[in-house]
Amino acid sequence: MAKVMVMDHPLIKHKIGIIRRTETGTKDFRQLISEIAMLMTYEATRDLELEDVEIETPICKTVVQQLGGKKLAIVPILRAGLGMVDGMLNMIPSARVGHIGLYRDPQTKLPVEYYCKLPEDCDKRAVFVVDPMLATGGSAIAAIQMIKNRGIKNIKFMCVIAAPEGLEAMKKAHPDIDIFIGALDEKLNDNSYIVPGLGDAGDRIFGTK
């Protein structure tokens, strides 16, 4: 059964508290998003498979453990998801990176794909779809469905801030997906912004507002 994990690590809570602040500038915001993603990756990869291998230390031969099983891929939802990639790669340098781009149709209000490029062997990897914010859940739900449509089954989702409405929508649409959340906030407001949230993550990461 899929799991939902809300992070309780003190460092994650501390750093999320800083990025919520209006006075936190672009440089610090971008760096902190990357650091939070790195710390969340540490927590979200606890169930990775290990295998025993024999090595030689400067003293003697011994058996150590290394990552086994499926390799990983990171797929950010453009554009804000890009802010999480470097932090995750710091923890898993061998991971491949794909990209998914979506925009919201002004008439239907539904997400529309404009770009999708995934590693060729993505179906043989554990795929982490990442986006700093899970508000209504529309973009994340659509992105995961696009990946599933390409025959990929081992998918997880990671976000820094989530609204209860988005989390429930995600669980209903994709009950088989593990979800990792930095902080679960109170609600969505009338404009579908997360409360208390942190504003528009993309604008704050890239300094476009």
# chains A, B, ... in the order shown; residues from 1 in each chain; ligands from 1
call {"tool": "select_by_dssp", "arguments": {"residues": "range 11-153 of chain A", "states": "helix (DSSP H, G or I)", "output": "tab-separated table (two decimals) with C-alpha atoms, in the first residue's frame"}}
result
chain	number	residue	atom	x	y	z
A	11	LEU	CA	16.61	20.68	9.94
A	12	ILE	CA	13.85	20.37	7.34
A	13	LYS	CA	11.39	22.21	9.59
A	14	HIS	CA	13.94	24.95	10.30
A	15	LYS	CA	14.76	25.53	6.63
A	16	ILE	CA	11.09	25.51	5.59
A	17	GLY	CA	10.48	28.15	8.25
A	18	ILE	CA	13.08	30.37	6.58
A	19	ILE	CA	11.76	30.00	3.01
A	26	THR	CA	16.08	34.73	-4.29
A	27	LYS	CA	19.64	33.54	-3.63
A	28	ASP	CA	18.85	32.20	-0.16
A	29	PHE	CA	15.47	30.80	-1.23
A	30	ARG	CA	17.04	28.87	-4.11
A	31	GLN	CA	19.81	27.51	-1.90
A	32	LEU	CA	17.39	26.46	0.84
A	33	ILE	CA	15.03	24.69	-1.59
A	34	SER	CA	18.04	22.70	-2.79
A	35	GLU	CA	19.09	21.87	0.78
A	36	ILE	CA	15.56	20.84	1.77
A	37	ALA	CA	15.35	18.57	-1.28
A	38	MET	CA	18.66	16.98	-0.31
A	39	LEU	CA	17.48	16.31	3.24
A	40	MET	CA	14.14	14.97	2.02
A	41	THR	CA	15.94	12.63	-0.38
A	42	TYR	CA	17.84	11.20	2.58
A	43	GLU	CA	14.53	10.39	4.28
A	44	ALA	CA	12.69	9.25	1.13
A	82	LEU	CA	14.15	22.40	-11.25
A	83	GLY	CA	14.98	24.01	-7.91
A	84	MET	CA	14.98	20.60	-6.21
A	85	VAL	CA	17.17	18.71	-8.69
A	86	ASP	CA	20.68	19.77	-7.62
A	87	GLY	CA	20.02	18.96	-3.97
A	88	MET	CA	18.78	15.50	-4.88
A	89	LEU	CA	21.75	14.91	-7.20
A	90	ASN	CA	24.07	15.78	-4.32
A	91	MET	CA	22.68	12.70	-2.58
A	122	CYS	CA	13.22	5.13	-17.22
A	123	ASP	CA	11.02	2.02	-17.10
A	124	LYS	CA	13.89	0.24	-15.32
A	138	GLY	CA	-3.63	19.06	-10.91
A	139	SER	CA	-0.15	19.39	-12.39
A	140	ALA	CA	1.37	16.58	-10.31
A	141	ILE	CA	-1.52	14.23	-11.08
A	142	ALA	CA	-1.20	14.95	-14.80
A	143	ALA	CA	2.60	14.59	-14.79
A	144	ILE	CA	2.45	11.22	-13.06
A	145	GLN	CA	-0.21	10.02	-15.49
A	146	MET	CA	2.02	11.04	-18.42
A	147	ILE	CA	4.81	8.94	-16.95
A	148	LYS	CA	2.50	5.99	-16.35
A	149	ASN	CA	1.31	6.24	-19.94
call {"tool": "select_by_dssp", "arguments": {"residues": "range 3-206 of chain A", "states": "strand (DSSP E)", "output": "VMD selection string"}}
result
chain A and resid 4 to 6 50 to 56 61 to 67 71 to 78 96 to 97 99 to 104 111 to 117 125 to 130 133 to 134 155 to 162 178 to 184 187 to 188 194 to 195
call {"tool": "closest_residue", "arguments": {"among": "A:Asp52, A:Asp121, A:Asp190, A:Asp203", "to": "Arg150 in chain A", "atoms": "only C-alpha atoms"}}
result
A:Asp121
call {"tool": "closest_residue", "arguments": {"among": "A:Arg20, A:Asp105, A:Arg125, A:Lys209", "to": "Ile194 in chain A", "atoms": "only C-alpha atoms"}}
result
A:Arg20
call {"tool": "residues_around", "arguments": {"residues": "Leu118 in chain A", "least_positions_apart": "6", "cutoff": "9 Å", "atoms": "only C-alpha atoms", "output": "ChimeraX atom specification"}}
result
/A:73,75,96-100,147
call {"tool": "write_last_selection", "arguments": {"atoms": "N, CA and C atoms", "output": "CSV table (one decimal), in the first residue's frame"}}
result
chain,number,residue,atom,x,y,z
A,73,ALA,N,15.7,7.8,-11.1
A,73,ALA,CA,15.6,9.0,-12.0
A,73,ALA,C,14.8,10.1,-11.3
A,75,VAL,N,12.5,13.5,-12.0
A,75,VAL,CA,11.8,14.2,-13.0
A,75,VAL,C,11.1,15.4,-12.4
A,96,ARG,N,19.6,9.7,-13.2
A,96,ARG,CA,19.3,10.4,-14.4
A,96,ARG,C,18.2,11.4,-14.2
A,97,VAL,N,18.1,12.4,-15.1
A,97,VAL,CA,17.2,13.5,-14.9
A,97,VAL,C,16.3,13.6,-16.2
A,98,GLY,N,15.0,13.6,-16.0
A,98,GLY,CA,14.1,13.9,-17.1
A,98,GLY,C,13.4,15.2,-16.8
A,99,HIS,N,12.5,15.6,-17.7
A,99,HIS,CA,11.8,16.9,-17.4
A,99,HIS,C,10.3,16.8,-18.0
A,100,ILE,N,9.4,17.4,-17.3
A,100,ILE,CA,8.0,17.4,-17.7
A,100,ILE,C,7.6,18.9,-17.6
A,147,ILE,N,3.7,9.9,-17.1
A,147,ILE,CA,4.8,8.9,-16.9
A,147,ILE,C,4.3,7.5,-17.0
call {"tool": "closest_residue", "arguments": {"among": "A:Ile152, A:Ile92, A:Val160, A:Ile205", "to": "Glu120 in chain A", "atoms": "only C-alpha atoms"}}
result
A:Ile152
call {"tool": "residues_around", "arguments": {"residues": "Leu184 in chain A", "least_positions_apart": "4", "cutoff": "8 Å", "atoms": "only C-alpha atoms", "output": "PyMOL selection string"}}
result
chain A and resi 6+161-164
call {"tool": "write_last_selection", "arguments": {"atoms": "C-alpha atoms", "output": "mmCIF file, in the first residue's frame"}}
result
data_model
loop_
_atom_site.group_PDB
_atom_site.id
_atom_site.type_symbol
_atom_site.label_atom_id
_atom_site.label_comp_id
_atom_site.auth_asym_id
_atom_site.auth_seq_id
_atom_site.Cartn_x
_atom_site.Cartn_y
_atom_site.Cartn_z
ATOM 1 C CA VAL A 6 5.334 14.179 6.208
ATOM 2 C CA ILE A 161 4.784 22.156 0.826
ATOM 3 C CA ALA A 162 1.390 20.496 0.338
ATOM 4 C CA ALA A 163 -2.219 21.524 0.883
ATOM 5 C CA PRO A 164 -4.647 18.914 2.258
#
call {"tool": "closest_residue", "arguments": {"among": "A:Gly202, A:Ala126, A:Asp176, A:Ala183", "to": "Leu78 in chain A", "atoms": "only C-alpha atoms"}}
result
A:Gly202
call {"tool": "residues_around", "arguments": {"residues": "Leu188 in chain A", "least_positions_apart": "6", "cutoff": "12 Å", "atoms": "only C-alpha atoms", "output": "PDB file with N, CA and C atoms, in the first residue's frame"}}
result
ATOM      1  N   MET A 133       5.620  22.621  -4.710  1.00  0.00           N
ATOM      2  CA  MET A 133       4.289  22.866  -4.161  1.00  0.00           C
ATOM      3  C   MET A 133       3.274  21.854  -4.707  1.00  0.00           C
ATOM      4  N   LEU A 134       2.455  21.322  -3.801  1.00  0.00           N
ATOM      5  CA  LEU A 134       1.313  20.499  -4.180  1.00  0.00           C
ATOM      6  C   LEU A 134       0.080  21.250  -3.696  1.00  0.00           C
ATOM      7  N   ALA A 135      -0.512  22.032  -4.592  1.00  0.00           N
ATOM      8  CA  ALA A 135      -1.657  22.887  -4.216  1.00  0.00           C
ATOM      9  C   ALA A 135      -2.960  22.157  -4.532  1.00  0.00           C
ATOM     10  N   THR A 136      -3.500  22.347  -5.734  1.00  0.00           N
ATOM     11  CA  THR A 136      -4.702  21.590  -6.117  1.00  0.00           C
ATOM     12  C   THR A 136      -4.357  20.154  -6.485  1.00  0.00           C
ATOM     13  N   GLY A 137      -3.084  19.939  -6.854  1.00  0.00           N
ATOM     14  CA  GLY A 137      -2.648  18.609  -7.274  1.00  0.00           C
ATOM     15  C   GLY A 137      -2.768  18.356  -8.758  1.00  0.00           C
ATOM     16  N   ILE A 161       6.005  21.714   0.139  1.00  0.00           N
ATOM     17  CA  ILE A 161       4.784  22.156   0.826  1.00  0.00           C
ATOM     18  C   ILE A 161       3.575  21.549   0.131  1.00  0.00           C
ATOM     19  N   ALA A 162       2.614  21.043   0.913  1.00  0.00           N
ATOM     20  CA  ALA A 162       1.390  20.496   0.338  1.00  0.00           C
ATOM     21  C   ALA A 162       0.172  21.054   1.052  1.00  0.00           C
ATOM     22  N   ALA A 163      -0.917  21.203   0.305  1.00  0.00           N
ATOM     23  CA  ALA A 163      -2.219  21.524   0.883  1.00  0.00           C
ATOM     24  C   ALA A 163      -2.999  20.224   1.050  1.00  0.00           C
ATOM     25  N   PRO A 164      -3.842  20.132   2.070  1.00  0.00           N
ATOM     26  CA  PRO A 164      -4.647  18.914   2.258  1.00  0.00           C
ATOM     27  C   PRO A 164      -5.483  18.566   1.031  1.00  0.00           C
ATOM     28  N   GLU A 165      -6.003  19.594   0.337  1.00  0.00           N
ATOM     29  CA  GLU A 165      -6.820  19.354  -0.849  1.00  0.00           C
ATOM     30  C   GLU A 165      -6.011  18.667  -1.956  1.00  0.00           C
ATOM     31  N   GLY A 166      -4.795  19.139  -2.160  1.00  0.00           N
ATOM     32  CA  GLY A 166      -3.942  18.531  -3.177  1.00  0.00           C
ATOM     33  C   GLY A 166      -3.529  17.125  -2.817  1.00  0.00           C
ATOM     34  N   LEU A 167      -3.237  16.916  -1.543  1.00  0.00           N
ATOM     35  CA  LEU A 167      -2.856  15.578  -1.090  1.00  0.00           C
ATOM     36  C   LEU A 167      -3.998  14.590  -1.304  1.00  0.00           C
ATOM     37  N   ILE A 194      -1.525  27.983  -1.424  1.00  0.00           N
ATOM     38  CA  ILE A 194      -1.444  27.258  -0.166  1.00  0.00           C
ATOM     39  C   ILE A 194      -1.303  28.245   0.985  1.00  0.00           C
ATOM     40  N   VAL A 195      -2.063  28.007   2.064  1.00  0.00           N
ATOM     41  CA  VAL A 195      -2.039  28.839   3.273  1.00  0.00           C
ATOM     42  C   VAL A 195      -1.486  28.006   4.431  1.00  0.00           C
ATOM     43  N   PRO A 196      -0.430  28.480   5.172  1.00  0.00           N
ATOM     44  CA  PRO A 196       0.260  29.764   4.993  1.00  0.00           C
ATOM     45  C   PRO A 196       1.214  29.788   3.800  1.00  0.00           C
ATOM     46  N   GLY A 197       1.699  28.641   3.365  1.00  0.00           N
ATOM     47  CA  GLY A 197       2.486  28.564   2.143  1.00  0.00           C
ATOM     48  C   GLY A 197       3.740  29.407   2.139  1.00  0.00           C
ATOM     49  N   GLY A 199       4.098  31.576  -1.078  1.00  0.00           N
ATOM     50  CA  GLY A 199       3.968  32.316  -2.329  1.00  0.00           C
ATOM     51  C   GLY A 199       4.230  31.424  -3.527  1.00  0.00           C
TER      52      GLY A 199
END
